[in-house]
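Comments concern the structure below.
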Amino acid sequence: MPWPIASPAAEGCTKFRLGIGRPVPIWAPPLEGTAATMTALPTNLSGLDLRAEIDRLRKERNAVILAHYYQKPEIQDLADYIGDSLELSRKAAASDADVIAFCGVKFMAETAKILSPQKTVILPDVNAGCSLEDACPPEKFKAFREAHPDHIALTYINCSTEVKALSDIIVTSSSAETILQQIPADQKIIFGPDRHLGGYLNRKFGRDMLLWPGVCIVHEAFSETELLKLKGQHPGAPVAAHPECPPNIVDHADYVGSTSGILQFAKTMTGDTLIVATEPHIIHQMQLAMPEKTFIGAPGADGNCNCNICPYMALNTLEKLYLALRDLTPQIHIEEGLRVQAKKSLDRMLEMASGTVGKGDLGRA
Ligand code: 13P
Ligand code: SF4
């Protein structure tokens, strides 16, 4: 039985179709396997108080629950820490828990395992991938690197462990500016897999990095026409955008930064209404911290489409988190040689980003 999932596909969006247990963009090839190969969720969870059970298991297992801002509110509300990719990497590296339950996507859970190999790292749904990771197969990235031997590879954390192992320095959206500014201007750079983040950095810092052609399907779905209509309806309301947005969205932004940077901007802005051009689940933290302000998610092409809900993040549910804590599966395993190689580029990020203290880079394109 397919899992019931809240996703753009489930809500009639034409940009996605349901795959085997995960929503996939319509341009992606069909996933292999059949419904028979999927693990169906047990149906006997209905009488359980899931929040209480998760709490009990968290204590019993000495587990820490890390959640990204794009998780559903009910997951954010019970997490021990909520953060952006950089903050969650730091938490994973520093935590003294035995188990890390990572409520995010696979590359985030893998990052936790790379940094803390002695810990058990679980991800509620192993199909929680990322379109940027999918857009950058390691063998193609390796060939691209070999074709440009005088370039270093500065790579966005939204990629596979294999691609991290092929990279020199990892960045997140909140550390990219700080790190890029430490690299000499004449050093040639390959930047992947997000061409919009790379393009934004090129424009802002006058760099000429070679860009890998990946995109985030979520941020790609915002509509400039609809955004301009919304701005017209809320004159004076600033726009905060994630740098994964294409330039025609970023160009209308008053603030560009990571999820934590956007949250920080919402706290410090002078007005009382903000238009938010990133995955809309982050608005939950804004509403909790600033109930007196109004936060409006930027629209997709048809004005009310849910295309900008991340279909991968949405795969995680309370039920799956409970089962993952109970059974310690799905678990992240990484071959040791690969892990050690991938850790080098992540350690460089953590060293070079040490001045980025839990907030996004403030600025605009
Ligand atoms: P942040 O590091 O800004 O949280 O971004 C993660 C991500 O996946 C954005 O799409
Ligand atoms: Fe990947 Fe985009 Fe989802 Fe972030 S929002 S996890 S970049 S698909």
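Letters A, B, ... go to the chains of the structure tokens in the order shown; residues in each chain start at 1; ligands are counted from 1 in the same order.
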Handout entry: Contacts of ligand 2, 7 Å or closer, only C-alpha atoms and all ligand atoms, given as a PyMOL selection string
Key = chain A and resi 105+129-132+158+216-219+279+310-313
Exercise for the section: Could you pull out the residues sitting within 8 Å of ligand 1, using only C-alpha atoms and all ligand atoms, and write them as a ChimeraX atom specification? Expected result: /A:68-70,83-86,130,158,172-174,216,218-219,242,244,257-261,278-279,360
Exercise for the section: Assign secondary structure with DSSP using the backbone only, and return the residues of region 162-322 of chain A in strand (DSSP E) as a list in words. Expected result: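 Secondary structure check on region 162-322 of chain A, strand (DSSP E): Ile169, Ile170, Val171, Ile189, Ile190, Phe191, Gly192, Leu210, Leu211, Val239, Ala240, Ala241, Tyr255, Val256, Thr273, Leu274, Ile275, Val276, Ala277, Thr294, Phe295, Ile296 and Gly297 of chain A.
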Problem - Best match for closeness to Gln71 (chain A) among A:Gln182, A:Thr270, A:Asn316, A:Gln331, counting only C-alpha atoms - result: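 Checking each candidate against Gln71 (chain A), we get A:Asn316 as the closest.
The residue set within 7 Å of region 320-328 of chain A, counting only C-alpha atoms and dropping same-chain residues fewer than 4 places from it, reads A:Leu50, A:Ile54, A:Leu57, A:Ile122, A:Pro124, A:Asp125, A:Asn316.
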Practice task
One decimal, Å: what's the distance from CA of Pro149 (chain A) over to CA of Ile170 (chain A), could you say?
Solution key: 18.1 Å
Exercise for the section: Using only C-alpha atoms, determine which residues lie at most 8 Å from Pro138 (chain A), disregarding the query and same-chain residues fewer than 4 positions distant; provide the list as a PyMOL selection string. Expected result: chain A and resi 142+160+162-163+166
Could you please take those selected residues and save N, CA, C and O atoms as a tab-separated table (two decimals), in the first residue's frame?
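Okay, this is what ended up in out_32.tsv:
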chain	number	residue	atom	x	y	z
A	142	LYS	N	32.92	13.66	-11.35
A	142	LYS	CA	34.35	13.28	-11.39
A	142	LYS	C	34.94	13.64	-12.76
A	142	LYS	O	36.01	14.24	-12.86
A	160	SER	N	25.56	14.19	-2.77
A	160	SER	CA	25.81	12.86	-2.17
A	160	SER	C	27.15	12.85	-1.42
A	160	SER	O	28.01	13.72	-1.62
A	162	GLU	N	29.46	10.76	-2.05
A	162	GLU	CA	30.48	10.54	-3.08
A	162	GLU	C	30.95	11.86	-3.66
A	162	GLU	O	32.15	12.06	-3.90
A	163	VAL	N	30.00	12.77	-3.91
A	163	VAL	CA	30.38	14.08	-4.48
A	163	VAL	C	31.15	14.90	-3.43
A	163	VAL	O	32.11	15.60	-3.77
A	166	LEU	N	34.64	13.95	-3.58
A	166	LEU	CA	35.34	14.44	-4.78
A	166	LEU	C	35.58	15.95	-4.71
A	166	LEU	O	36.10	16.54	-5.65
Could you list, with a cut-off of 10 Å and counting only C-alpha atoms, the residues of region 88-143 of chain A near region 183-203 of chain A, each shown with its nearest atom pair and the distance in Å rounded to one decimal, rows sorted by chain and ascending number, as a tab-separated table?
residue	atom	partner	partner_atom	distance
A:Ser131	CA	A:Pro193	CA	9.7
A:Leu132	CA	A:Pro193	CA	6.0
A:Glu133	CA	A:Pro193	CA	7.4
A:Asp134	CA	A:Pro193	CA	9.4
A:Ala135	CA	A:Pro193	CA	7.1
A:Cys136	CA	A:Pro193	CA	6.1
A:Pro137	CA	A:Pro193	CA	9.8
A:Phe141	CA	A:Gly192	CA	8.8
Problem - Pick from A:Asp254, A:Asp347, A:Asp80, A:Asp208, whichever lies nearest to Ala93 (chain A) using only C-alpha atoms - result: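 Among the listed residues, A:Asp347 lies closest to Ala93 (chain A).
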Check the DSSP output for the backbone and give back, as a CSV table (one decimal) with N, CA and C atoms, in the first residue's frame, the residues of region 123-191 of chain A in helix (DSSP H, G or I).
chain,number,residue,atom,x,y,z
A,131,SER,N,16.5,17.1,-5.1
A,131,SER,CA,16.7,17.2,-6.6
A,131,SER,C,18.1,17.7,-6.9
A,132,LEU,N,18.8,18.4,-6.0
A,132,LEU,CA,20.2,18.9,-6.3
A,132,LEU,C,21.1,17.7,-6.3
A,133,GLU,N,20.9,16.8,-5.3
A,133,GLU,CA,21.7,15.6,-5.2
A,133,GLU,C,21.5,14.7,-6.5
A,134,ASP,N,20.2,14.6,-6.9
A,134,ASP,CA,19.9,13.8,-8.0
A,134,ASP,C,20.5,14.3,-9.3
A,138,PRO,N,27.9,11.2,-9.2
A,138,PRO,CA,29.3,11.3,-8.9
A,138,PRO,C,30.2,11.0,-10.1
A,139,GLU,N,29.9,10.1,-10.9
A,139,GLU,CA,30.8,9.8,-12.0
A,139,GLU,C,30.9,10.9,-13.0
A,140,LYS,N,29.7,11.6,-13.2
A,140,LYS,CA,29.8,12.8,-14.1
A,140,LYS,C,30.5,14.0,-13.5
A,141,PHE,N,30.3,14.1,-12.2
A,141,PHE,CA,31.0,15.2,-11.5
A,141,PHE,C,32.5,14.9,-11.5
A,142,LYS,N,32.9,13.7,-11.4
A,142,LYS,CA,34.3,13.3,-11.4
A,142,LYS,C,34.9,13.6,-12.8
A,143,ALA,N,34.2,13.3,-13.8
A,143,ALA,CA,34.7,13.6,-15.2
A,143,ALA,C,34.8,15.1,-15.4
A,144,PHE,N,33.9,15.9,-14.8
A,144,PHE,CA,33.9,17.3,-15.0
A,144,PHE,C,35.1,17.9,-14.2
A,145,ARG,N,35.4,17.4,-13.1
A,145,ARG,CA,36.6,17.8,-12.3
A,145,ARG,C,37.8,17.5,-13.1
A,146,GLU,N,37.9,16.3,-13.7
A,146,GLU,CA,39.1,15.9,-14.4
A,146,GLU,C,39.3,16.7,-15.7
A,147,ALA,N,38.2,17.2,-16.2
A,147,ALA,CA,38.3,18.1,-17.4
A,147,ALA,C,38.8,19.5,-17.0
A,161,THR,N,27.3,11.8,-0.6
A,161,THR,CA,28.6,11.6,0.1
A,161,THR,C,29.7,11.5,-0.9
A,162,GLU,N,29.5,10.8,-2.0
A,162,GLU,CA,30.5,10.5,-3.1
A,162,GLU,C,31.0,11.9,-3.7
A,163,VAL,N,30.0,12.8,-3.9
A,163,VAL,CA,30.4,14.1,-4.5
A,163,VAL,C,31.1,14.9,-3.4
A,164,LYS,N,30.8,14.8,-2.2
A,164,LYS,CA,31.6,15.5,-1.1
A,164,LYS,C,33.0,14.9,-1.1
A,165,ALA,N,33.1,13.6,-1.3
A,165,ALA,CA,34.5,13.0,-1.3
A,165,ALA,C,35.3,13.5,-2.5
A,176,ALA,N,28.4,30.1,2.6
A,176,ALA,CA,29.0,30.2,1.3
A,176,ALA,C,29.8,31.5,1.1
A,177,GLU,N,29.1,32.6,1.5
A,177,GLU,CA,29.8,33.9,1.3
A,177,GLU,C,31.0,34.0,2.1
A,178,THR,N,31.0,33.6,3.4
A,178,THR,CA,32.1,33.7,4.3
A,178,THR,C,33.3,32.9,3.7
A,179,ILE,N,33.0,31.7,3.2
A,179,ILE,CA,34.0,30.8,2.7
A,179,ILE,C,34.6,31.3,1.4
A,180,LEU,N,33.7,31.7,0.5
A,180,LEU,CA,34.2,32.2,-0.8
A,180,LEU,C,35.1,33.4,-0.7
Practice task
Return the single residue from A:Ser345, A:Thr268, A:Asn127, A:Gln181 that is closest to Ala153 (chain A), with distances computed using only C-alpha atoms.
Solution key: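 Going through A:Ser345, A:Thr268, A:Asn127, A:Gln181 one by one, the smallest distance to Ala153 (chain A) is for A:Ser345.
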